[in-house]
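Engineer: The following file, structure-v2.txt, comprises compact mmCIF, N, CA and C atoms:
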```txt
# COMPACT_ATOMS: atom_id res chain seq x y z
N MET A 10 111.87 18.59 -48.86
CA MET A 10 112.99 18.15 -48.07
C MET A 10 112.54 18.04 -46.62
N ARG A 11 113.13 17.10 -45.92
CA ARG A 11 112.69 16.80 -44.57
C ARG A 11 113.82 17.04 -43.56
N ILE A 12 113.47 17.76 -42.50
CA ILE A 12 114.35 17.97 -41.36
C ILE A 12 113.81 17.11 -40.22
N LEU A 13 114.65 16.30 -39.63
CA LEU A 13 114.26 15.51 -38.47
C LEU A 13 115.00 16.05 -37.26
N ALA A 14 114.25 16.45 -36.24
CA ALA A 14 114.84 16.98 -35.01
C ALA A 14 114.65 15.96 -33.90
N LEU A 15 115.71 15.77 -33.12
CA LEU A 15 115.69 14.84 -31.99
C LEU A 15 116.08 15.57 -30.71
N THR A 16 115.39 15.24 -29.62
CA THR A 16 115.76 15.75 -28.31
C THR A 16 115.40 14.73 -27.26
N THR A 17 115.98 14.88 -26.09
CA THR A 17 115.73 14.01 -24.94
C THR A 17 115.39 14.89 -23.75
N CYS A 18 114.49 14.40 -22.90
CA CYS A 18 114.11 15.17 -21.72
C CYS A 18 113.87 14.24 -20.53
N HIS A 19 113.89 14.86 -19.36
CA HIS A 19 113.56 14.14 -18.12
C HIS A 19 113.08 15.16 -17.09
N ASN A 20 111.80 15.08 -16.77
CA ASN A 20 111.19 15.92 -15.73
C ASN A 20 111.45 17.41 -15.91
N ARG A 21 111.34 17.87 -17.15
CA ARG A 21 111.47 19.30 -17.41
C ARG A 21 110.34 19.71 -18.35
N ARG A 22 109.12 19.43 -17.92
CA ARG A 22 107.94 19.64 -18.76
C ARG A 22 107.88 21.06 -19.33
N ALA A 23 107.98 22.06 -18.48
CA ALA A 23 107.86 23.45 -18.95
C ALA A 23 108.97 23.79 -19.93
N GLN A 24 110.20 23.42 -19.61
CA GLN A 24 111.31 23.71 -20.51
C GLN A 24 111.16 22.98 -21.83
N THR A 25 110.76 21.73 -21.77
CA THR A 25 110.61 20.94 -22.99
C THR A 25 109.52 21.54 -23.87
N LEU A 26 108.40 21.93 -23.28
CA LEU A 26 107.32 22.54 -24.06
C LEU A 26 107.76 23.86 -24.69
N GLN A 27 108.53 24.66 -23.95
CA GLN A 27 109.02 25.92 -24.52
C GLN A 27 109.98 25.67 -25.66
N ALA A 28 110.86 24.70 -25.49
CA ALA A 28 111.81 24.38 -26.56
C ALA A 28 111.07 23.91 -27.81
N LEU A 29 110.11 23.03 -27.62
CA LEU A 29 109.34 22.56 -28.77
C LEU A 29 108.55 23.68 -29.41
N GLY A 30 108.02 24.58 -28.61
CA GLY A 30 107.30 25.73 -29.16
C GLY A 30 108.19 26.60 -30.02
N SER A 31 109.42 26.84 -29.55
CA SER A 31 110.33 27.67 -30.34
C SER A 31 110.79 26.96 -31.60
N LEU A 32 110.87 25.64 -31.55
CA LEU A 32 111.26 24.87 -32.73
C LEU A 32 110.11 24.78 -33.73
N LEU A 33 108.96 24.39 -33.25
CA LEU A 33 107.82 24.18 -34.15
C LEU A 33 107.19 25.49 -34.61
N GLY A 34 107.54 26.59 -33.97
CA GLY A 34 107.04 27.90 -34.38
C GLY A 34 107.90 28.58 -35.43
N GLN A 35 108.94 27.90 -35.89
CA GLN A 35 109.82 28.47 -36.91
C GLN A 35 109.08 28.70 -38.22
N SER A 36 109.46 29.75 -38.91
CA SER A 36 108.92 30.00 -40.25
C SER A 36 109.92 29.43 -41.25
N ASN A 37 109.64 28.21 -41.65
CA ASN A 37 110.54 27.49 -42.55
C ASN A 37 110.14 27.70 -44.00
N PRO A 38 111.08 27.60 -44.90
CA PRO A 38 110.74 27.65 -46.32
C PRO A 38 109.73 26.53 -46.63
N PRO A 39 108.79 26.77 -47.52
CA PRO A 39 107.71 25.80 -47.76
C PRO A 39 108.17 24.44 -48.27
N GLN A 40 109.35 24.36 -48.85
CA GLN A 40 109.82 23.07 -49.38
C GLN A 40 110.38 22.17 -48.28
N TYR A 41 110.45 22.66 -47.05
CA TYR A 41 110.99 21.88 -45.93
C TYR A 41 109.88 21.45 -44.99
N ARG A 42 109.94 20.18 -44.60
CA ARG A 42 109.03 19.64 -43.59
C ARG A 42 109.85 19.34 -42.35
N LEU A 43 109.36 19.77 -41.21
CA LEU A 43 110.04 19.54 -39.94
C LEU A 43 109.28 18.48 -39.15
N ASP A 44 109.98 17.41 -38.80
CA ASP A 44 109.43 16.38 -37.93
C ASP A 44 110.28 16.31 -36.68
N VAL A 45 109.63 16.01 -35.56
CA VAL A 45 110.31 16.05 -34.27
C VAL A 45 110.05 14.75 -33.52
N CYS A 46 111.11 14.25 -32.88
CA CYS A 46 111.03 13.07 -32.03
C CYS A 46 111.64 13.43 -30.68
N VAL A 47 110.88 13.17 -29.62
CA VAL A 47 111.32 13.44 -28.26
C VAL A 47 111.42 12.12 -27.51
N VAL A 48 112.55 11.91 -26.86
CA VAL A 48 112.67 10.79 -25.93
C VAL A 48 112.42 11.33 -24.54
N ASP A 49 111.34 10.88 -23.92
CA ASP A 49 111.07 11.22 -22.53
C ASP A 49 111.67 10.11 -21.68
N ASP A 50 112.77 10.43 -21.03
CA ASP A 50 113.53 9.42 -20.30
C ASP A 50 113.00 9.23 -18.88
N GLY A 51 111.81 8.68 -18.80
CA GLY A 51 111.25 8.30 -17.50
C GLY A 51 110.70 9.44 -16.67
N SER A 52 110.25 10.51 -17.29
CA SER A 52 109.71 11.63 -16.53
C SER A 52 108.49 11.21 -15.71
N THR A 53 108.37 11.80 -14.53
CA THR A 53 107.22 11.56 -13.66
C THR A 53 106.38 12.83 -13.49
N ASP A 54 106.71 13.88 -14.25
CA ASP A 54 106.01 15.16 -14.11
C ASP A 54 104.99 15.40 -15.22
N GLY A 55 104.66 14.35 -15.98
CA GLY A 55 103.65 14.50 -17.03
C GLY A 55 104.18 15.07 -18.33
N THR A 56 105.47 15.03 -18.53
CA THR A 56 106.06 15.60 -19.74
C THR A 56 105.50 14.95 -21.00
N SER A 57 105.49 13.63 -21.06
CA SER A 57 105.00 12.94 -22.26
C SER A 57 103.58 13.35 -22.60
N GLU A 58 102.73 13.34 -21.61
CA GLU A 58 101.32 13.69 -21.83
C GLU A 58 101.18 15.13 -22.30
N ALA A 59 101.95 16.03 -21.68
CA ALA A 59 101.88 17.44 -22.06
C ALA A 59 102.37 17.66 -23.49
N VAL A 60 103.45 16.98 -23.87
CA VAL A 60 103.97 17.11 -25.23
C VAL A 60 102.94 16.58 -26.23
N ARG A 61 102.39 15.42 -25.95
CA ARG A 61 101.38 14.85 -26.87
C ARG A 61 100.16 15.75 -27.00
N ALA A 62 99.73 16.36 -25.90
CA ALA A 62 98.56 17.24 -25.93
C ALA A 62 98.84 18.53 -26.69
N ALA A 63 100.01 19.12 -26.45
CA ALA A 63 100.34 20.41 -27.08
C ALA A 63 100.80 20.26 -28.52
N TYR A 64 101.49 19.16 -28.82
CA TYR A 64 102.10 18.98 -30.14
C TYR A 64 101.83 17.56 -30.63
N PRO A 65 100.63 17.30 -31.10
CA PRO A 65 100.26 15.92 -31.47
C PRO A 65 101.06 15.33 -32.62
N THR A 66 101.76 16.13 -33.38
CA THR A 66 102.57 15.59 -34.48
C THR A 66 103.95 15.12 -34.02
N VAL A 67 104.33 15.47 -32.81
CA VAL A 67 105.64 15.07 -32.28
C VAL A 67 105.59 13.60 -31.87
N VAL A 68 106.59 12.86 -32.29
CA VAL A 68 106.73 11.46 -31.88
C VAL A 68 107.38 11.45 -30.50
N VAL A 69 106.73 10.80 -29.54
CA VAL A 69 107.27 10.71 -28.18
C VAL A 69 107.62 9.26 -27.90
N LEU A 70 108.89 9.02 -27.57
CA LEU A 70 109.36 7.70 -27.19
C LEU A 70 109.63 7.69 -25.70
N SER A 71 109.39 6.55 -25.06
CA SER A 71 109.61 6.44 -23.62
C SER A 71 110.92 5.74 -23.33
N GLY A 72 111.74 6.39 -22.52
CA GLY A 72 113.00 5.81 -22.10
C GLY A 72 112.88 5.17 -20.72
N SER A 73 113.95 4.55 -20.30
CA SER A 73 113.98 3.79 -19.04
C SER A 73 114.17 4.67 -17.81
N GLY A 74 114.62 5.89 -17.99
CA GLY A 74 114.97 6.75 -16.87
C GLY A 74 116.46 6.73 -16.59
N ASN A 75 117.19 5.91 -17.31
CA ASN A 75 118.64 5.79 -17.11
C ASN A 75 119.43 6.13 -18.36
N LEU A 76 118.81 6.80 -19.32
CA LEU A 76 119.48 7.07 -20.59
C LEU A 76 120.32 8.34 -20.57
N PHE A 77 119.84 9.35 -19.87
CA PHE A 77 120.45 10.67 -19.89
C PHE A 77 120.45 11.19 -21.33
N TRP A 78 121.10 12.33 -21.59
CA TRP A 78 120.96 12.95 -22.91
C TRP A 78 121.56 12.10 -24.02
N ALA A 79 122.81 11.70 -23.87
CA ALA A 79 123.47 10.95 -24.95
C ALA A 79 122.79 9.60 -25.18
N GLY A 80 122.44 8.92 -24.11
CA GLY A 80 121.75 7.64 -24.26
C GLY A 80 120.37 7.81 -24.88
N GLY A 81 119.70 8.90 -24.53
CA GLY A 81 118.40 9.19 -25.12
C GLY A 81 118.49 9.46 -26.61
N MET A 82 119.53 10.18 -27.00
CA MET A 82 119.72 10.47 -28.41
C MET A 82 120.05 9.19 -29.18
N ARG A 83 120.87 8.35 -28.58
CA ARG A 83 121.19 7.06 -29.20
C ARG A 83 119.93 6.20 -29.31
N PHE A 84 119.10 6.20 -28.27
CA PHE A 84 117.84 5.47 -28.28
C PHE A 84 116.92 6.00 -29.39
N ALA A 85 116.85 7.32 -29.52
CA ALA A 85 116.03 7.92 -30.58
C ALA A 85 116.54 7.50 -31.95
N TRP A 86 117.86 7.49 -32.12
CA TRP A 86 118.43 7.06 -33.39
C TRP A 86 118.10 5.60 -33.66
N ASP A 87 118.37 4.75 -32.69
CA ASP A 87 118.20 3.30 -32.89
C ASP A 87 116.75 2.90 -33.12
N THR A 88 115.83 3.52 -32.40
CA THR A 88 114.44 3.07 -32.47
C THR A 88 113.58 3.85 -33.45
N TYR A 89 114.01 5.04 -33.85
CA TYR A 89 113.17 5.85 -34.73
C TYR A 89 113.92 6.44 -35.93
N ALA A 90 114.91 7.26 -35.67
CA ALA A 90 115.54 8.04 -36.74
C ALA A 90 116.19 7.17 -37.81
N SER A 91 116.81 6.07 -37.41
CA SER A 91 117.50 5.22 -38.38
C SER A 91 116.55 4.57 -39.37
N ARG A 92 115.27 4.60 -39.07
CA ARG A 92 114.25 4.01 -39.95
C ARG A 92 113.54 5.07 -40.81
N GLN A 93 113.97 6.30 -40.69
CA GLN A 93 113.36 7.42 -41.39
C GLN A 93 114.24 7.87 -42.55
N GLN A 94 113.60 8.53 -43.50
CA GLN A 94 114.35 9.20 -44.56
C GLN A 94 114.27 10.69 -44.30
N PHE A 95 115.42 11.35 -44.27
CA PHE A 95 115.46 12.78 -44.02
C PHE A 95 116.68 13.36 -44.69
N ASP A 96 116.62 14.66 -44.91
CA ASP A 96 117.73 15.37 -45.54
C ASP A 96 118.66 16.01 -44.53
N TYR A 97 118.11 16.43 -43.40
CA TYR A 97 118.88 17.08 -42.35
C TYR A 97 118.47 16.51 -41.00
N LEU A 98 119.46 16.32 -40.13
CA LEU A 98 119.21 15.88 -38.77
C LEU A 98 119.63 17.00 -37.83
N LEU A 99 118.70 17.39 -36.97
CA LEU A 99 118.96 18.44 -35.99
C LEU A 99 118.84 17.81 -34.60
N VAL A 100 119.90 17.83 -33.84
CA VAL A 100 119.85 17.34 -32.46
C VAL A 100 119.98 18.55 -31.55
N LEU A 101 119.14 18.58 -30.52
CA LEU A 101 119.15 19.73 -29.64
C LEU A 101 118.77 19.34 -28.22
N ASN A 102 119.13 20.20 -27.32
CA ASN A 102 118.79 20.02 -25.92
C ASN A 102 117.38 20.57 -25.69
N ASP A 103 116.73 20.11 -24.65
CA ASP A 103 115.35 20.53 -24.43
C ASP A 103 115.23 21.86 -23.69
N ASP A 104 116.33 22.54 -23.45
CA ASP A 104 116.24 23.84 -22.80
C ASP A 104 116.63 24.99 -23.73
N ILE A 105 116.61 24.74 -25.03
CA ILE A 105 116.96 25.79 -25.99
C ILE A 105 115.75 26.68 -26.28
N ARG A 106 116.03 27.86 -26.76
CA ARG A 106 115.01 28.76 -27.31
C ARG A 106 115.57 29.27 -28.61
N LEU A 107 114.91 28.94 -29.71
CA LEU A 107 115.38 29.37 -31.02
C LEU A 107 114.78 30.71 -31.39
N TYR A 108 115.60 31.58 -31.91
CA TYR A 108 115.09 32.81 -32.49
C TYR A 108 114.31 32.46 -33.74
N ASP A 109 113.27 33.26 -34.05
CA ASP A 109 112.56 33.05 -35.30
C ASP A 109 113.55 33.19 -36.45
N GLY A 110 113.50 32.28 -37.36
CA GLY A 110 114.41 32.29 -38.50
C GLY A 110 115.67 31.47 -38.28
N ALA A 111 115.81 30.85 -37.11
CA ALA A 111 117.02 30.08 -36.82
C ALA A 111 117.19 28.91 -37.78
N LEU A 112 116.13 28.17 -38.03
CA LEU A 112 116.25 27.05 -38.96
C LEU A 112 116.51 27.53 -40.38
N ARG A 113 115.87 28.60 -40.75
CA ARG A 113 116.12 29.17 -42.08
C ARG A 113 117.59 29.56 -42.21
N GLY A 114 118.15 30.14 -41.16
CA GLY A 114 119.56 30.51 -41.17
C GLY A 114 120.47 29.29 -41.26
N LEU A 115 120.14 28.24 -40.54
CA LEU A 115 120.93 27.00 -40.64
C LEU A 115 120.86 26.41 -42.05
N LEU A 116 119.67 26.42 -42.62
CA LEU A 116 119.52 25.88 -43.97
C LEU A 116 120.30 26.73 -44.99
N ASN A 117 120.24 28.04 -44.82
CA ASN A 117 121.01 28.91 -45.72
C ASN A 117 122.50 28.64 -45.59
N ALA A 118 122.98 28.46 -44.36
CA ALA A 118 124.40 28.18 -44.14
C ALA A 118 124.79 26.84 -44.74
N ALA A 119 123.89 25.88 -44.72
CA ALA A 119 124.19 24.56 -45.27
C ALA A 119 124.32 24.61 -46.79
N HIS A 120 123.73 25.60 -47.40
CA HIS A 120 123.74 25.69 -48.87
C HIS A 120 124.78 26.68 -49.39
N THR A 121 125.64 27.20 -48.53
CA THR A 121 126.66 28.13 -49.01
C THR A 121 128.02 27.49 -49.03
```
Please rewrite the model in this file as structure tokens.
Structural biologist:
Amino acid sequence: MRILALTTCHNRRAQTLQALGSLLGQSNPPQYRLDVCVVDDGSTDGTSEAVRAAYPTVVVLSGSGNLFWAGGMRFAWDTYASRQQFDYLLVLNDDIRLYDGALRGLLNAAHT
């Protein structure tokens, strides 16, 4: 089963990297694959490059700088997610920190 996570960022390199670290560091059940797509909405602080270097499996899309969060999520949906097959869609802000087991807990809640 596939989980697709989407987020949008703008000039918050450190926060975005921490959020991705907490997401990608989850201990998920082996039958689940987690894929992540980040819309970098015109960052000038090297966010895209840092994400690609730290997390090469993350898909990074470039925004215009005028999308903001909702527009970035819509852009991610229109240009990437709508062309993917997935079982669960997770949308999140780039300043979150997930506790270990958070995705497992969400998946358990989805099945009850």
Engineer: Hey, what does DSSP flag as helix (DSSP H, G or I) within chain A? Can you give it to me as a PyMOL selection string?
Structural biologist: chain A and resi 22-33+56-63+77-88+90-92+111-119
Engineer: Kindly indicate which residue among A:Gln94, A:Arg11, A:Thr25, A:Leu76 lies nearest to Arg61 of chain A, using only C-alpha atoms for the distances.
Structural biologist: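 The closest residue to Arg61 of chain A is A:Thr25.
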Engineer: Please, which residues are within 12 Å of (118.7, 17.0, -30.4) by the file's coordinates, counting only C-alpha atoms, and could they come as a PyMOL selection string?
Structural biologist: chain A and resi 12-18+25+28-29+32+44-48+78-86+90+97-105
Engineer: Would you mind reading off the distance between atom CA of Val60 of chain A and atom CA of Leu26 of chain A, one decimal, in Å?
Structural biologist: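 We find that atom CA of Val60 of chain A and atom CA of Leu26 of chain A lie 6.5 Å from each other.
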Engineer: To one decimal in Å, tell me the separation between atom CA of Pro65 of chain A and atom CA of Leu116 of chain A.
Structural biologist: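 We find that atom CA of Pro65 of chain A and atom CA of Leu116 of chain A lie 25.0 Å from each other.
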Engineer: Between A:Leu107, A:Leu43, A:Val67, A:Ala62, which residue has the minimum interatomic distance to Gln27 of chain A, considering only N, CA and C atoms?
Structural biologist: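 Using only N, CA and C atoms, Gln27 of chain A sits closest to A:Leu107.
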Engineer: Taking only N, CA and C atoms into account, which of A:Ser52, A:Met10, A:Gly74, A:Tyr64 comes nearest Phe95 of chain A?
Structural biologist: A:Met10
Engineer: Using all atoms listed in the file for the distances, tell me which of A:Gly72, A:Arg92, A:Leu33, A:His19 is nearest to Thr56 of chain A.
Structural biologist: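 The closest residue to Thr56 of chain A is A:His19.
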Engineer: Rank nothing, just name the residue among A:Leu115, A:Gln93, A:Gly51, A:Ser57 nearest to Val69 of chain A, using all atoms listed in the file.
Structural biologist: A:Ser57
Engineer: Atom CA of Gly34 of chain A and atom C of Thr66 of chain A are how many Å apart?
Structural biologist: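 We find that atom CA of Gly34 of chain A and atom C of Thr66 of chain A lie 13.2 Å from each other.
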Engineer: Give the strand (DSSP E or B) residues of chain A, as assigned by DSSP on the backbone, as a count of residues only.
Structural biologist: 24
Engineer: Could you check the closest approach to Gly110 of chain A for each of A:Arg42, A:Ser73, A:Asp50, A:Asn37 and tell me which residue wins, using only N, CA and C atoms?
Structural biologist: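 Under the stated criterion, the closest residue is A:Asn37.
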Engineer: Write out as a PyMOL selection string which residues come within 7 Å of Asp109 of chain A when counting only N, CA and C atoms, dropping same-chain ones fewer than 3 positions away.
Structural biologist: chain A and resi 34-36+112-113
Engineer: Quick one: segment 29-52 of chain A with N, CA, C and O atoms, as an mmCIF file, in the coordinates of the input?
Structural biologist:
```cif
data_model
loop_
_atom_site.group_PDB
_atom_site.id
_atom_site.type_symbol
_atom_site.label_atom_id
_atom_site.label_comp_id
_atom_site.auth_asym_id
_atom_site.auth_seq_id
_atom_site.Cartn_x
_atom_site.Cartn_y
_atom_site.Cartn_z
ATOM 1 N N LEU A 29 110.110 23.030 -27.620
ATOM 2 C CA LEU A 29 109.340 22.560 -28.770
ATOM 3 C C LEU A 29 108.550 23.680 -29.410
ATOM 4 O O LEU A 29 108.443 23.749 -30.642
ATOM 5 N N GLY A 30 108.020 24.580 -28.610
ATOM 6 C CA GLY A 30 107.300 25.730 -29.160
ATOM 7 C C GLY A 30 108.190 26.600 -30.020
ATOM 8 O O GLY A 30 107.797 27.053 -31.095
ATOM 9 N N SER A 31 109.420 26.840 -29.550
ATOM 10 C CA SER A 31 110.330 27.670 -30.340
ATOM 11 C C SER A 31 110.790 26.960 -31.600
ATOM 12 O O SER A 31 111.033 27.603 -32.627
ATOM 13 N N LEU A 32 110.870 25.640 -31.550
ATOM 14 C CA LEU A 32 111.260 24.870 -32.730
ATOM 15 C C LEU A 32 110.110 24.780 -33.730
ATOM 16 O O LEU A 32 110.274 25.065 -34.916
ATOM 17 N N LEU A 33 108.960 24.390 -33.250
ATOM 18 C CA LEU A 33 107.820 24.180 -34.150
ATOM 19 C C LEU A 33 107.190 25.490 -34.610
ATOM 20 O O LEU A 33 106.429 25.504 -35.570
ATOM 21 N N GLY A 34 107.540 26.590 -33.970
ATOM 22 C CA GLY A 34 107.040 27.900 -34.380
ATOM 23 C C GLY A 34 107.900 28.580 -35.430
ATOM 24 O O GLY A 34 107.638 29.715 -35.810
ATOM 25 N N GLN A 35 108.940 27.900 -35.890
ATOM 26 C CA GLN A 35 109.820 28.470 -36.910
ATOM 27 C C GLN A 35 109.080 28.700 -38.220
ATOM 28 O O GLN A 35 108.200 27.922 -38.589
ATOM 29 N N SER A 36 109.460 29.750 -38.910
ATOM 30 C CA SER A 36 108.920 30.000 -40.250
ATOM 31 C C SER A 36 109.920 29.430 -41.250
ATOM 32 O O SER A 36 110.916 30.048 -41.580
ATOM 33 N N ASN A 37 109.640 28.210 -41.650
ATOM 34 C CA ASN A 37 110.540 27.490 -42.550
ATOM 35 C C ASN A 37 110.140 27.700 -44.000
ATOM 36 O O ASN A 37 108.966 27.912 -44.295
ATOM 37 N N PRO A 38 111.080 27.600 -44.900
ATOM 38 C CA PRO A 38 110.740 27.650 -46.320
ATOM 39 C C PRO A 38 109.730 26.530 -46.630
ATOM 40 O O PRO A 38 109.799 25.442 -46.040
ATOM 41 N N PRO A 39 108.790 26.770 -47.520
ATOM 42 C CA PRO A 39 107.710 25.800 -47.760
ATOM 43 C C PRO A 39 108.170 24.440 -48.270
ATOM 44 O O PRO A 39 107.455 23.460 -48.122
ATOM 45 N N GLN A 40 109.350 24.360 -48.850
ATOM 46 C CA GLN A 40 109.820 23.070 -49.380
ATOM 47 C C GLN A 40 110.380 22.170 -48.280
ATOM 48 O O GLN A 40 110.753 21.031 -48.554
ATOM 49 N N TYR A 41 110.450 22.660 -47.050
ATOM 50 C CA TYR A 41 110.990 21.880 -45.930
ATOM 51 C C TYR A 41 109.880 21.450 -44.990
ATOM 52 O O TYR A 41 109.019 22.234 -44.617
ATOM 53 N N ARG A 42 109.940 20.180 -44.600
ATOM 54 C CA ARG A 42 109.030 19.640 -43.590
ATOM 55 C C ARG A 42 109.850 19.340 -42.350
ATOM 56 O O ARG A 42 110.906 18.723 -42.432
ATOM 57 N N LEU A 43 109.360 19.770 -41.210
ATOM 58 C CA LEU A 43 110.040 19.540 -39.940
ATOM 59 C C LEU A 43 109.280 18.480 -39.150
ATOM 60 O O LEU A 43 108.094 18.632 -38.885
ATOM 61 N N ASP A 44 109.980 17.410 -38.800
ATOM 62 C CA ASP A 44 109.430 16.380 -37.930
ATOM 63 C C ASP A 44 110.280 16.310 -36.680
ATOM 64 O O ASP A 44 111.495 16.517 -36.730
ATOM 65 N N VAL A 45 109.630 16.010 -35.560
ATOM 66 C CA VAL A 45 110.310 16.050 -34.270
ATOM 67 C C VAL A 45 110.050 14.750 -33.520
ATOM 68 O O VAL A 45 108.928 14.242 -33.494
ATOM 69 N N CYS A 46 111.110 14.250 -32.880
ATOM 70 C CA CYS A 46 111.030 13.070 -32.030
ATOM 71 C C CYS A 46 111.640 13.430 -30.680
ATOM 72 O O CYS A 46 112.756 13.942 -30.609
ATOM 73 N N VAL A 47 110.880 13.170 -29.620
ATOM 74 C CA VAL A 47 111.320 13.440 -28.260
ATOM 75 C C VAL A 47 111.420 12.120 -27.510
ATOM 76 O O VAL A 47 110.492 11.320 -27.537
ATOM 77 N N VAL A 48 112.550 11.910 -26.860
ATOM 78 C CA VAL A 48 112.670 10.790 -25.930
ATOM 79 C C VAL A 48 112.420 11.330 -24.540
ATOM 80 O O VAL A 48 113.155 12.188 -24.051
ATOM 81 N N ASP A 49 111.340 10.880 -23.920
ATOM 82 C CA ASP A 49 111.070 11.220 -22.530
ATOM 83 C C ASP A 49 111.670 10.110 -21.680
ATOM 84 O O ASP A 49 111.162 9.001 -21.638
ATOM 85 N N ASP A 50 112.770 10.430 -21.030
ATOM 86 C CA ASP A 50 113.530 9.420 -20.300
ATOM 87 C C ASP A 50 113.000 9.230 -18.880
ATOM 88 O O ASP A 50 113.645 9.579 -17.909
ATOM 89 N N GLY A 51 111.810 8.680 -18.800
ATOM 90 C CA GLY A 51 111.250 8.300 -17.500
ATOM 91 C C GLY A 51 110.700 9.440 -16.670
ATOM 92 O O GLY A 51 110.659 9.336 -15.437
ATOM 93 N N SER A 52 110.250 10.510 -17.290
ATOM 94 C CA SER A 52 109.710 11.630 -16.530
ATOM 95 C C SER A 52 108.490 11.210 -15.710
ATOM 96 O O SER A 52 107.673 10.399 -16.148
#
```
